[in-house]
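Colleague: Please find one structure pasted underneath; my questions will follow.
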Amino acid sequence: MQTRGSSFLIVIGILLIALSVATTPLFAATYVFISDANLLEQASHVVELEIAARHESGPGDVPASIYVASVNAVLKGTIESSTIDLRLPGGPAGDGLELHVPGAPRFREGERTLLFLVERDDGMFDVLHWSLGTFRRHEVDGRALALREVRDEDFIAGRAEPQATRVRDYQRFVDWLGDRAVGNERPVDYLVDGPADAVRAFYNLFRANGRNSRWFDFEEGQEVAYKAGSAGSFGTQLIQSAMNAWNRTTKASINLKHSGGTGANGGLKRSDGVNAVLFGDPNKLLPGKFSCNDGGFIAAGFYWTKGTGSFKGNTYNRIIEGDIVLNDGAECLKSLTALVAELFTHEFGHTLGIAHSCGSPDTGACTNKAEDDATMRAQAHFDGRSASIRSDDAAAARVLYGSSGGGGDAAPPPAGGVSLVAPTNVDADVQSSKKVKVTWDDNSSGEAGHEVWSKKGKKAWELATTVAADETKAFIKQLEAGTQYKFRVRSVAGEKTSKYSDNVKVKTSGKPQPPAAPSELAVVVTSNTTGTLSWKDNSDNERRFDLWIKAGEDEWLFASSIPANTTTADFSAAEPGTQYGFRIRARKGGLVSAFSNEVFVTLPEE
């Protein structure tokens, strides 16, 4: 996995070695926070604006809100005009059809904001990474602050680097960006302590025209069928698991179904009558490319409404189509199957009309256990829950869709009630170096489904997949070659579970593969005794990195171990006037990658 860890001190060669580690793991579903420096690098323009007017896109165009904004200052790029047009997706599409895009920022007339932008081919501008590239100017206790709007509709990183969520002094931030844009790099001096309630959202897109939104298909005896575009390395099993979670464990009248593949790719561009999960942002309408190394926008779940309907005396916007789009670059998450399954479950919740339980500005802090445990919490849990529905999620589903007593297409409980008994005769058959078939005997009655858990080596157990009631097999994919795994199975019904089955142990075929070698090793000198190393992490299974250093004509020497998923390191107290060489490789136990490229630098004399 590629993540940008915090820098840590490395003193090398004949010098004393000291390490201070504070890494930041990748941890998100829709957003991974991106650093200010990376935002600046990716943006074609960085501009201070004042919103002057808003109008809707024209007939036949992608439904969008067009904001006309006055240009106050340009910090990066060139803009000749005194105004520009910003384009944010979502809005009416004619004939009563409307696109709802949770996560796309909305602005008010007269609002002053600092935006990271990408220029479009039509001369308009997209906001880079949507809310991550939006810093609103607020006066708090007489001080101008730049506040990032993390909206209720954004499933944000659960563990962000400290800078990501800090308040910024507006003018210092503007000055820092302006200097850095012209190559004048200087230390970050704009982060300040600010009131937590100063960060707030202005709109709640789950409630439009004074009404909540819901599907009416379920109580009309229909299913809502989703098709998947080319899933690439993700596969479709995680999509089905997420649907099953809403169908079978909420006890609500929900019946989502996976119904094969599709070439339709209208999602976010137009209503094409197909509920779809699309990969790689086929229409290139999401703002910016996702990177496991730098962060950014991962996915968006949105829906189309047309007209209204009545349910239990309340009027709702009628959802007629839902889509989930994964951004270009998100395939780097393929090894984090439990996290991706949690992402899909969360985004399907949004397409059902469910907002966050807690953890965002609109909903407030997570103050009780049920809200905090919900999969619809604003922060990903990354606790191995995979496609899992908790009590608060189920309660929200039942409010919108009523209670079915069993939920979706789950089999009704038998007359004698639910009886959950641990599966027996669990077996695992190695299909290939990356795939295992797990089978068992189902001893339960009235269960909603079965969970298959896996354990790799000495790592913790994690949920590998869920399957339907009465199913007695599951295929576990994307495993590592030549690696020992354990599997176990249990039956589930709502929040009740059977005991686990006995464990079964197998080893995948093939030889264990060493991690991929790091690349693009670079060094930047920051003084006559200090510098910074950076590299690209190309592996997703390393346990650590080994840094080797060469001083002058001496031999290469092992200098230090660096934690996995780190891509930067600072060195200090080196000797001025001496040439140092650096190379790095990834390690997994006794397996090591090839070395990266070698870089050399001579520290300047005082």
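Letters A, B, ... mark the chains of the structure tokens in the order given; residue numbers begin at 1 per chain; ligand numbers begin at 1, in order shown.
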Using only C-alpha atoms, which residues sit within 9 Å of Ser596 of chain A once same-chain residues fewer than 3 positions away are excluded, as a list in words?

Modeller: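 In the requested form, the answer reads Ala517, Pro518, Ser519, Glu520, Leu521, Trp535, Arg583, Ile584, Arg585 and Ser593 of chain A.
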
Colleague: Please, which residues of segment 238-359 of chain A, numbered as in this document, come out strand (DSSP E or B) from DSSP, as an mmCIF file with all heavy atoms, in the first residue's frame?

Modeller:
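Writing the result to selection38.cif gives the following:
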data_model
loop_
_atom_site.group_PDB
_atom_site.id
_atom_site.type_symbol
_atom_site.label_atom_id
_atom_site.label_comp_id
_atom_site.auth_asym_id
_atom_site.auth_seq_id
_atom_site.Cartn_x
_atom_site.Cartn_y
_atom_site.Cartn_z
ATOM 1 N N ALA A 252 -35.409 -4.434 6.935
ATOM 2 C CA ALA A 252 -36.175 -3.415 6.217
ATOM 3 C C ALA A 252 -36.575 -3.965 4.859
ATOM 4 O O ALA A 252 -36.026 -4.950 4.378
ATOM 5 C CB ALA A 252 -35.354 -2.141 6.056
ATOM 6 N N LEU A 256 -31.917 -5.099 -2.927
ATOM 7 C CA LEU A 256 -30.918 -4.762 -3.930
ATOM 8 C C LEU A 256 -30.409 -6.055 -4.560
ATOM 9 O O LEU A 256 -30.287 -7.074 -3.895
ATOM 10 C CB LEU A 256 -29.742 -4.021 -3.280
ATOM 11 C CG LEU A 256 -30.067 -2.697 -2.585
ATOM 12 C CD1 LEU A 256 -28.832 -2.177 -1.845
ATOM 13 C CD2 LEU A 256 -30.564 -1.660 -3.575
ATOM 14 N N LYS A 257 -30.095 -5.991 -5.839
ATOM 15 C CA LYS A 257 -29.643 -7.196 -6.533
ATOM 16 C C LYS A 257 -28.545 -6.841 -7.518
ATOM 17 O O LYS A 257 -28.632 -5.837 -8.224
ATOM 18 C CB LYS A 257 -30.804 -7.857 -7.280
ATOM 19 C CG LYS A 257 -30.415 -9.146 -8.008
ATOM 20 C CD LYS A 257 -31.600 -9.756 -8.740
ATOM 21 C CE LYS A 257 -31.189 -11.028 -9.483
ATOM 22 N NZ LYS A 257 -32.330 -11.614 -10.217
ATOM 23 N N HIS A 258 -27.523 -7.696 -7.565
ATOM 24 C CA HIS A 258 -26.496 -7.565 -8.592
ATOM 25 C C HIS A 258 -26.936 -8.378 -9.803
ATOM 26 O O HIS A 258 -27.235 -9.567 -9.674
ATOM 27 C CB HIS A 258 -25.150 -8.078 -8.079
ATOM 28 C CG HIS A 258 -24.069 -8.029 -9.110
ATOM 29 N ND1 HIS A 258 -23.527 -9.155 -9.683
ATOM 30 C CD2 HIS A 258 -23.451 -6.982 -9.699
ATOM 31 C CE1 HIS A 258 -22.612 -8.808 -10.567
ATOM 32 N NE2 HIS A 258 -22.550 -7.498 -10.591
ATOM 33 N N SER A 259 -26.979 -7.732 -10.963
ATOM 34 C CA SER A 259 -27.536 -8.420 -12.137
ATOM 35 C C SER A 259 -26.586 -8.397 -13.327
ATOM 36 O O SER A 259 -26.992 -8.168 -14.460
ATOM 37 C CB SER A 259 -28.882 -7.790 -12.531
ATOM 38 O OG SER A 259 -28.721 -6.423 -12.867
ATOM 39 N N GLY A 260 -25.313 -8.645 -13.064
ATOM 40 C CA GLY A 260 -24.375 -8.807 -14.162
ATOM 41 C C GLY A 260 -23.677 -7.528 -14.559
ATOM 42 O O GLY A 260 -23.690 -6.524 -13.847
ATOM 43 N N GLY A 261 -23.048 -7.584 -15.733
ATOM 44 C CA GLY A 261 -22.261 -6.465 -16.213
ATOM 45 C C GLY A 261 -23.046 -5.541 -17.116
ATOM 46 O O GLY A 261 -24.172 -5.829 -17.526
ATOM 47 N N ASN A 275 -28.960 1.297 -13.106
ATOM 48 C CA ASN A 275 -28.265 1.458 -11.833
ATOM 49 C C ASN A 275 -26.917 0.768 -11.967
ATOM 50 O O ASN A 275 -26.867 -0.432 -12.247
ATOM 51 C CB ASN A 275 -29.058 0.826 -10.690
ATOM 52 C CG ASN A 275 -30.487 1.334 -10.639
ATOM 53 O OD1 ASN A 275 -30.726 2.528 -10.716
ATOM 54 N ND2 ASN A 275 -31.435 0.411 -10.505
ATOM 55 N N ALA A 276 -25.838 1.518 -11.777
ATOM 56 C CA ALA A 276 -24.536 0.961 -12.134
ATOM 57 C C ALA A 276 -23.481 1.280 -11.090
ATOM 58 O O ALA A 276 -23.535 2.307 -10.410
ATOM 59 C CB ALA A 276 -24.096 1.497 -13.499
ATOM 60 N N VAL A 277 -22.527 0.353 -10.991
ATOM 61 C CA VAL A 277 -21.283 0.595 -10.264
ATOM 62 C C VAL A 277 -20.190 0.669 -11.317
ATOM 63 O O VAL A 277 -19.936 -0.313 -12.026
ATOM 64 C CB VAL A 277 -20.989 -0.522 -9.248
ATOM 65 C CG1 VAL A 277 -19.675 -0.241 -8.520
ATOM 66 C CG2 VAL A 277 -22.125 -0.658 -8.248
ATOM 67 N N LEU A 278 -19.589 1.832 -11.460
ATOM 68 C CA LEU A 278 -18.635 2.073 -12.537
ATOM 69 C C LEU A 278 -17.232 2.272 -11.964
ATOM 70 O O LEU A 278 -17.060 2.895 -10.911
ATOM 71 C CB LEU A 278 -19.046 3.304 -13.348
ATOM 72 C CG LEU A 278 -20.448 3.245 -13.962
ATOM 73 C CD1 LEU A 278 -20.775 4.548 -14.669
ATOM 74 C CD2 LEU A 278 -20.556 2.079 -14.935
ATOM 75 N N SER A 291 -4.808 8.768 -5.711
ATOM 76 C CA SER A 291 -3.515 8.123 -5.566
ATOM 77 C C SER A 291 -3.404 7.556 -4.163
ATOM 78 O O SER A 291 -3.665 8.261 -3.187
ATOM 79 C CB SER A 291 -2.384 9.142 -5.808
ATOM 80 O OG SER A 291 -1.148 8.647 -5.326
ATOM 81 N N GLY A 295 -3.384 10.551 -1.867
ATOM 82 C CA GLY A 295 -4.748 10.740 -1.387
ATOM 83 C C GLY A 295 -5.654 11.295 -2.468
ATOM 84 O O GLY A 295 -5.382 11.212 -3.663
ATOM 85 N N GLY A 296 -6.780 11.881 -2.038
ATOM 86 C CA GLY A 296 -7.731 12.467 -2.968
ATOM 87 C C GLY A 296 -9.081 11.800 -2.917
ATOM 88 O O GLY A 296 -9.442 11.129 -1.951
ATOM 89 N N PHE A 297 -9.832 11.953 -3.983
ATOM 90 C CA PHE A 297 -11.221 11.531 -4.081
ATOM 91 C C PHE A 297 -11.271 10.079 -4.549
ATOM 92 O O PHE A 297 -10.732 9.745 -5.597
ATOM 93 C CB PHE A 297 -11.917 12.441 -5.089
ATOM 94 C CG PHE A 297 -13.410 12.403 -5.039
ATOM 95 C CD1 PHE A 297 -14.104 13.370 -4.359
ATOM 96 C CD2 PHE A 297 -14.123 11.399 -5.676
ATOM 97 C CE1 PHE A 297 -15.486 13.357 -4.326
ATOM 98 C CE2 PHE A 297 -15.501 11.359 -5.634
ATOM 99 C CZ PHE A 297 -16.182 12.357 -4.957
ATOM 100 N N ALA A 299 -14.418 7.781 -4.366
ATOM 101 C CA ALA A 299 -15.669 7.314 -4.967
ATOM 102 C C ALA A 299 -16.804 8.261 -4.630
ATOM 103 O O ALA A 299 -16.733 9.018 -3.663
ATOM 104 C CB ALA A 299 -16.001 5.906 -4.475
ATOM 105 N N ALA A 300 -17.855 8.180 -5.433
ATOM 106 C CA ALA A 300 -19.067 8.956 -5.193
ATOM 107 C C ALA A 300 -20.276 8.068 -5.409
ATOM 108 O O ALA A 300 -20.353 7.339 -6.393
ATOM 109 C CB ALA A 300 -19.140 10.160 -6.140
ATOM 110 N N GLY A 301 -21.204 8.123 -4.470
ATOM 111 C CA GLY A 301 -22.491 7.462 -4.630
ATOM 112 C C GLY A 301 -23.563 8.534 -4.778
ATOM 113 O O GLY A 301 -23.632 9.450 -3.966
ATOM 114 N N PHE A 302 -24.374 8.453 -5.827
ATOM 115 C CA PHE A 302 -25.364 9.503 -6.074
ATOM 116 C C PHE A 302 -26.622 8.890 -6.678
ATOM 117 O O PHE A 302 -26.658 7.701 -6.998
ATOM 118 C CB PHE A 302 -24.803 10.598 -6.977
ATOM 119 C CG PHE A 302 -24.108 10.077 -8.208
ATOM 120 C CD1 PHE A 302 -24.802 9.921 -9.394
ATOM 121 C CD2 PHE A 302 -22.776 9.740 -8.177
ATOM 122 C CE1 PHE A 302 -24.187 9.434 -10.522
ATOM 123 C CE2 PHE A 302 -22.135 9.253 -9.305
ATOM 124 C CZ PHE A 302 -22.847 9.102 -10.480
ATOM 125 N N TYR A 303 -27.649 9.694 -6.810
ATOM 126 C CA TYR A 303 -28.911 9.155 -7.298
ATOM 127 C C TYR A 303 -29.689 10.214 -8.055
ATOM 128 O O TYR A 303 -29.458 11.415 -7.925
ATOM 129 C CB TYR A 303 -29.754 8.605 -6.142
ATOM 130 C CG TYR A 303 -29.997 9.587 -5.004
ATOM 131 C CD1 TYR A 303 -31.091 10.454 -5.021
ATOM 132 C CD2 TYR A 303 -29.146 9.631 -3.908
ATOM 133 C CE1 TYR A 303 -31.310 11.339 -3.987
ATOM 134 C CE2 TYR A 303 -29.360 10.505 -2.861
ATOM 135 C CZ TYR A 303 -30.448 11.362 -2.907
ATOM 136 O OH TYR A 303 -30.669 12.252 -1.889
ATOM 137 N N TRP A 304 -30.636 9.736 -8.885
ATOM 138 C CA TRP A 304 -31.526 10.587 -9.660
ATOM 139 C C TRP A 304 -32.942 10.460 -9.085
ATOM 140 O O TRP A 304 -33.378 9.369 -8.719
ATOM 141 C CB TRP A 304 -31.562 10.152 -11.125
ATOM 142 C CG TRP A 304 -30.248 10.263 -11.840
ATOM 143 C CD1 TRP A 304 -29.202 9.404 -11.775
ATOM 144 C CD2 TRP A 304 -29.860 11.301 -12.752
ATOM 145 N NE1 TRP A 304 -28.171 9.825 -12.576
ATOM 146 C CE2 TRP A 304 -28.552 10.988 -13.195
ATOM 147 C CE3 TRP A 304 -30.483 12.445 -13.247
ATOM 148 C CZ2 TRP A 304 -27.855 11.785 -14.100
ATOM 149 C CZ3 TRP A 304 -29.801 13.237 -14.143
ATOM 150 C CH2 TRP A 304 -28.506 12.915 -14.562
ATOM 151 N N THR A 305 -33.645 11.564 -9.004
ATOM 152 C CA THR A 305 -35.037 11.540 -8.565
ATOM 153 C C THR A 305 -35.934 12.122 -9.650
ATOM 154 O O THR A 305 -35.501 12.928 -10.478
ATOM 155 C CB THR A 305 -35.242 12.343 -7.265
ATOM 156 O OG1 THR A 305 -34.895 13.721 -7.489
ATOM 157 C CG2 THR A 305 -34.396 11.780 -6.133
ATOM 158 N N LYS A 306 -37.205 11.682 -9.619
ATOM 159 C CA LYS A 306 -38.205 12.237 -10.515
ATOM 160 C C LYS A 306 -39.561 12.112 -9.830
ATOM 161 O O LYS A 306 -40.020 11.012 -9.516
ATOM 162 C CB LYS A 306 -38.233 11.516 -11.860
ATOM 163 C CG LYS A 306 -39.185 12.153 -12.870
ATOM 164 C CD LYS A 306 -39.053 11.508 -14.244
ATOM 165 C CE LYS A 306 -39.954 12.230 -15.249
ATOM 166 N NZ LYS A 306 -39.840 11.652 -16.614
ATOM 167 N N GLY A 307 -40.189 13.246 -9.579
ATOM 168 C CA GLY A 307 -41.493 13.243 -8.945
ATOM 169 C C GLY A 307 -41.421 12.892 -7.468
ATOM 170 O O GLY A 307 -40.350 12.835 -6.865
ATOM 171 N N THR A 308 -42.575 12.642 -6.887
ATOM 172 C CA THR A 308 -42.672 12.339 -5.463
ATOM 173 C C THR A 308 -43.588 11.138 -5.242
ATOM 174 O O THR A 308 -44.276 10.688 -6.158
ATOM 175 C CB THR A 308 -43.227 13.543 -4.676
ATOM 176 O OG1 THR A 308 -44.553 13.844 -5.154
ATOM 177 C CG2 THR A 308 -42.340 14.764 -4.827
ATOM 178 N N GLY A 309 -43.579 10.652 -4.038
ATOM 179 C CA GLY A 309 -44.461 9.568 -3.641
ATOM 180 C C GLY A 309 -44.763 9.688 -2.164
ATOM 181 O O GLY A 309 -44.080 10.404 -1.428
ATOM 182 N N SER A 310 -45.764 8.974 -1.713
ATOM 183 C CA SER A 310 -46.175 9.036 -0.312
ATOM 184 C C SER A 310 -45.910 7.693 0.363
ATOM 185 O O SER A 310 -46.183 6.631 -0.195
ATOM 186 C CB SER A 310 -47.658 9.386 -0.208
ATOM 187 O OG SER A 310 -48.071 9.436 1.144
ATOM 188 N N PHE A 311 -45.363 7.756 1.567
ATOM 189 C CA PHE A 311 -45.091 6.553 2.346
ATOM 190 C C PHE A 311 -45.373 6.854 3.816
ATOM 191 O O PHE A 311 -44.784 7.771 4.392
ATOM 192 C CB PHE A 311 -43.646 6.101 2.157
ATOM 193 C CG PHE A 311 -43.265 4.890 2.963
ATOM 194 C CD1 PHE A 311 -43.785 3.641 2.650
ATOM 195 C CD2 PHE A 311 -42.390 4.999 4.025
ATOM 196 C CE1 PHE A 311 -43.430 2.524 3.386
ATOM 197 C CE2 PHE A 311 -42.017 3.890 4.770
ATOM 198 C CZ PHE A 311 -42.552 2.648 4.451
ATOM 199 N N ASN A 314 -45.997 10.496 4.704
ATOM 200 C CA ASN A 314 -44.975 11.489 4.382
ATOM 201 C C ASN A 314 -44.688 11.494 2.884
ATOM 202 O O ASN A 314 -44.771 10.458 2.218
ATOM 203 C CB ASN A 314 -43.678 11.195 5.135
ATOM 204 C CG ASN A 314 -43.845 11.316 6.641
ATOM 205 O OD1 ASN A 314 -44.454 12.262 7.126
ATOM 206 N ND2 ASN A 314 -43.316 10.345 7.376
ATOM 207 N N THR A 315 -44.341 12.658 2.366
ATOM 208 C CA THR A 315 -44.022 12.802 0.953
ATOM 209 C C THR A 315 -42.514 12.775 0.758
ATOM 210 O O THR A 315 -41.767 13.471 1.460
ATOM 211 C CB THR A 315 -44.588 14.120 0.390
ATOM 212 O OG1 THR A 315 -46.007 14.134 0.582
ATOM 213 C CG2 THR A 315 -44.274 14.263 -1.085
ATOM 214 N N TYR A 316 -42.056 11.963 -0.199
ATOM 215 C CA TYR A 316 -40.628 11.798 -0.471
ATOM 216 C C TYR A 316 -40.339 12.078 -1.935
ATOM 217 O O TYR A 316 -41.191 11.857 -2.815
ATOM 218 C CB TYR A 316 -40.181 10.360 -0.167
ATOM 219 C CG TYR A 316 -40.216 9.977 1.284
ATOM 220 C CD1 TYR A 316 -41.394 9.507 1.865
ATOM 221 C CD2 TYR A 316 -39.077 10.062 2.068
ATOM 222 C CE1 TYR A 316 -41.428 9.132 3.199
ATOM 223 C CE2 TYR A 316 -39.097 9.685 3.408
ATOM 224 C CZ TYR A 316 -40.272 9.216 3.967
ATOM 225 O OH TYR A 316 -40.301 8.846 5.293
ATOM 226 N N ASN A 317 -39.122 12.550 -2.215
ATOM 227 C CA ASN A 317 -38.632 12.537 -3.584
ATOM 228 C C ASN A 317 -38.468 11.079 -4.012
ATOM 229 O O ASN A 317 -37.961 10.253 -3.259
ATOM 230 C CB ASN A 317 -37.278 13.253 -3.683
ATOM 231 C CG ASN A 317 -37.350 14.703 -3.262
ATOM 232 O OD1 ASN A 317 -38.224 15.441 -3.690
ATOM 233 N ND2 ASN A 317 -36.432 15.106 -2.390
ATOM 234 N N ARG A 318 -38.874 10.769 -5.209
ATOM 235 C CA ARG A 318 -38.847 9.395 -5.692
ATOM 236 C C ARG A 318 -37.510 9.111 -6.388
ATOM 237 O O ARG A 318 -37.221 9.672 -7.457
ATOM 238 C CB ARG A 318 -40.007 9.144 -6.655
ATOM 239 C CG ARG A 318 -40.091 7.711 -7.198
ATOM 240 C CD ARG A 318 -41.222 7.566 -8.198
ATOM 241 N NE ARG A 318 -42.527 7.644 -7.571
ATOM 242 C CZ ARG A 318 -43.220 6.603 -7.125
ATOM 243 N NH1 ARG A 318 -42.716 5.378 -7.255
ATOM 244 N NH2 ARG A 318 -44.404 6.772 -6.576
ATOM 245 N N ILE A 319 -36.671 8.252 -5.793
ATOM 246 C CA ILE A 319 -35.418 7.853 -6.434
ATOM 247 C C ILE A 319 -35.730 6.871 -7.559
ATOM 248 O O ILE A 319 -36.448 5.896 -7.363
ATOM 249 C CB ILE A 319 -34.458 7.196 -5.426
ATOM 250 C CG1 ILE A 319 -34.145 8.153 -4.270
ATOM 251 C CG2 ILE A 319 -33.163 6.780 -6.117
ATOM 252 C CD1 ILE A 319 -33.254 7.547 -3.199
ATOM 253 N N ILE A 320 -35.193 7.131 -8.755
ATOM 254 C CA ILE A 320 -35.444 6.261 -9.898
ATOM 255 C C ILE A 320 -34.165 5.617 -10.433
ATOM 256 O O ILE A 320 -34.238 4.704 -11.257
ATOM 257 C CB ILE A 320 -36.137 7.017 -11.045
ATOM 258 C CG1 ILE A 320 -35.238 8.122 -11.586
ATOM 259 C CG2 ILE A 320 -37.479 7.581 -10.584
ATOM 260 C CD1 ILE A 320 -35.694 8.674 -12.914
ATOM 261 N N GLU A 321 -32.999 6.106 -9.981
ATOM 262 C CA GLU A 321 -31.752 5.539 -10.472
ATOM 263 C C GLU A 321 -30.639 5.868 -9.479
ATOM 264 O O GLU A 321 -30.587 6.969 -8.935
ATOM 265 C CB GLU A 321 -31.394 6.114 -11.849
ATOM 266 C CG GLU A 321 -30.137 5.533 -12.462
ATOM 267 C CD GLU A 321 -29.814 6.170 -13.810
ATOM 268 O OE1 GLU A 321 -30.745 6.554 -14.539
ATOM 269 O OE2 GLU A 321 -28.608 6.278 -14.119
ATOM 270 N N GLY A 322 -29.752 4.898 -9.248
ATOM 271 C CA GLY A 322 -28.595 5.108 -8.391
ATOM 272 C C GLY A 322 -27.326 4.679 -9.093
ATOM 273 O O GLY A 322 -27.337 3.751 -9.909
ATOM 274 N N ASP A 323 -26.243 5.360 -8.793
ATOM 275 C CA ASP A 323 -24.951 5.014 -9.390
ATOM 276 C C ASP A 323 -23.848 5.210 -8.359
ATOM 277 O O ASP A 323 -23.925 6.105 -7.502
ATOM 278 C CB ASP A 323 -24.654 5.897 -10.607
ATOM 279 C CG ASP A 323 -25.615 5.662 -11.753
ATOM 280 O OD1 ASP A 323 -25.426 4.686 -12.485
ATOM 281 O OD2 ASP A 323 -26.574 6.452 -11.884
ATOM 282 N N ILE A 324 -22.823 4.382 -8.442
ATOM 283 C CA ILE A 324 -21.604 4.551 -7.664
ATOM 284 C C ILE A 324 -20.447 4.563 -8.653
ATOM 285 O O ILE A 324 -20.347 3.677 -9.507
ATOM 286 C CB ILE A 324 -21.414 3.411 -6.643
ATOM 287 C CG1 ILE A 324 -22.545 3.432 -5.608
ATOM 288 C CG2 ILE A 324 -20.064 3.522 -5.952
ATOM 289 C CD1 ILE A 324 -22.528 2.244 -4.662
ATOM 290 N N VAL A 325 -19.606 5.580 -8.574
ATOM 291 C CA VAL A 325 -18.470 5.705 -9.492
ATOM 292 C C VAL A 325 -17.185 5.732 -8.677
ATOM 293 O O VAL A 325 -17.040 6.547 -7.771
ATOM 294 C CB VAL A 325 -18.579 6.981 -10.357
ATOM 295 C CG1 VAL A 325 -17.334 7.133 -11.229
ATOM 296 C CG2 VAL A 325 -19.824 6.932 -11.225
ATOM 297 N N LEU A 326 -16.261 4.803 -8.982
ATOM 298 C CA LEU A 326 -14.939 4.822 -8.388
ATOM 299 C C LEU A 326 -14.000 5.621 -9.280
ATOM 300 O O LEU A 326 -14.037 5.504 -10.506
ATOM 301 C CB LEU A 326 -14.390 3.404 -8.195
ATOM 302 C CG LEU A 326 -14.750 2.740 -6.861
ATOM 303 C CD1 LEU A 326 -16.230 2.384 -6.832
ATOM 304 C CD2 LEU A 326 -13.890 1.519 -6.599
#

Colleague: Point out the residue among A:Phe595, A:Gln431, A:Phe173, A:Asp272 with the least atom-to-atom distance to Ile476 of chain A, counting only C-alpha atoms.

Modeller: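 For Ile476 of chain A, the nearest of the given residues is A:Gln431.
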
Colleague: Please build the interface table for segment 444-558 of chain A against segment 332-353 of chain A with a cut-off of 7 Å, listing for each qualifying residue the nearest atom pair and the distance in Å to one decimal; count only C-alpha atoms, order rows by chain and increasing number, and write it as a Markdown table.

Modeller:
| residue | atom | partner | partner_atom | distance |
| --- | --- | --- | --- | --- |
| A:Leu463 | CA | A:Ala338 | CA | 6.8 |
| A:Ala464 | CA | A:Ala338 | CA | 6.8 |
| A:Gln478 | CA | A:Ser335 | CA | 7.0 |

Colleague: Selection from above, all heavy atoms, as a PDB file, in the first residue's frame, can you write it?

Modeller:
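The resulting part.pdb:
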ATOM      1  N   LEU A 463     -12.807 -10.360   8.234  1.00  0.00           N
ATOM      2  CA  LEU A 463     -13.921 -10.870   7.441  1.00  0.00           C
ATOM      3  C   LEU A 463     -13.528 -10.865   5.970  1.00  0.00           C
ATOM      4  O   LEU A 463     -13.219  -9.807   5.406  1.00  0.00           O
ATOM      5  CB  LEU A 463     -15.164 -10.010   7.675  1.00  0.00           C
ATOM      6  CG  LEU A 463     -16.430 -10.425   6.933  1.00  0.00           C
ATOM      7  CD1 LEU A 463     -16.875 -11.820   7.351  1.00  0.00           C
ATOM      8  CD2 LEU A 463     -17.550  -9.415   7.188  1.00  0.00           C
ATOM      9  N   ALA A 464     -13.540 -12.042   5.345  1.00  0.00           N
ATOM     10  CA  ALA A 464     -13.146 -12.156   3.941  1.00  0.00           C
ATOM     11  C   ALA A 464     -14.318 -11.924   3.001  1.00  0.00           C
ATOM     12  O   ALA A 464     -14.187 -11.265   1.975  1.00  0.00           O
ATOM     13  CB  ALA A 464     -12.533 -13.525   3.675  1.00  0.00           C
ATOM     14  N   GLN A 478      -7.669 -12.949  -4.449  1.00  0.00           N
ATOM     15  CA  GLN A 478      -6.647 -11.928  -4.212  1.00  0.00           C
ATOM     16  C   GLN A 478      -5.778 -12.273  -3.007  1.00  0.00           C
ATOM     17  O   GLN A 478      -5.399 -11.414  -2.214  1.00  0.00           O
ATOM     18  CB  GLN A 478      -7.298 -10.546  -4.045  1.00  0.00           C
ATOM     19  CG  GLN A 478      -8.040 -10.106  -5.284  1.00  0.00           C
ATOM     20  CD  GLN A 478      -8.741  -8.775  -5.120  1.00  0.00           C
ATOM     21  OE1 GLN A 478      -8.934  -8.297  -4.011  1.00  0.00           O
ATOM     22  NE2 GLN A 478      -9.130  -8.176  -6.222  1.00  0.00           N
TER      23      GLN A 478
END

Colleague: Find the residues around Glu371 of chain A up to 7 Å (only C-alpha atoms counted), leave out those fewer than 5 positions away in its own chain, and share them as a ChimeraX atom specification.

Modeller: /A:357-358,366,377,392

Colleague: Do a neighbour search on segment 135-148 of chain A at 8 Å with only C-alpha atoms, toss out local chain neighbours closer than 3 positions, and write the hits as number ranges by chain.

Modeller: A: 112-115, 131-132, 165, 167-171, 173, 198-199

Colleague: With distances taken over only C-alpha atoms, which residue among A:Leu86, A:Ala481, A:Val492, A:Val101 lies nearest Ser419 of chain A?

Modeller: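 The closest residue to Ser419 of chain A is A:Val492.
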
Colleague: Choose the residue, out of A:Ser82, A:Ser403, A:Ser386, A:Ser572, that has the smallest atom-to-atom separation from Phe218 of chain A; count only C-alpha atoms.

Modeller: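 Using only C-alpha atoms, Phe218 of chain A sits closest to A:Ser403.
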
Colleague: In segment 33-279 of chain A, what's alpha helix (DSSP H) per DSSP? Answer as a count of residues only?

Modeller: 32

Colleague: Work out how far atom CA of Ala380 of chain A is from atom CA of His356 of chain A, in Å to one decimal.

Modeller: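 Between these atoms lies a distance of 11.3 Å.
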
Colleague: Compile the contact shell of Val74 of chain A as a VMD selection string: residues with an atom at most 12 Å away, counting only C-alpha atoms, same-chain residues fewer than 4 positions apart removed.

Modeller: chain A and resid 44 to 49 70 78 to 84 114 to 117 174 to 175 177 to 179 181 to 182

Colleague: Taking into account only C-alpha atoms, which residue in the set A:Asn293, A:Gln513, A:Thr508, A:Thr439 is nearest to Asn38 of chain A?

Modeller: A:Asn293

Colleague: Counting only C-alpha atoms, which residue out of A:Val489, A:Ala374, A:Val62, A:Cys292 sits closest to Asn565 of chain A?

Modeller: A:Cys292

Colleague: Which residues, written as a list in words, have at least one atom at most 8 Å from segment 448-454 of chain A, with only C-alpha atoms counted and residues fewer than 4 positions away on the same chain left out?

Modeller: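 Here the qualifying residues turn out to be Arg248, Thr249, Ala410, Ala411, Trp461, Glu462, Leu463, Ala464, Thr465, Thr466, Val467, Ala468, Ala469, Asp470, Glu471, Ala474, Tyr485, Lys486, Phe487, Arg488, Val489, Arg490, Ser491, Val492, Ala493 and Gly494 of chain A.
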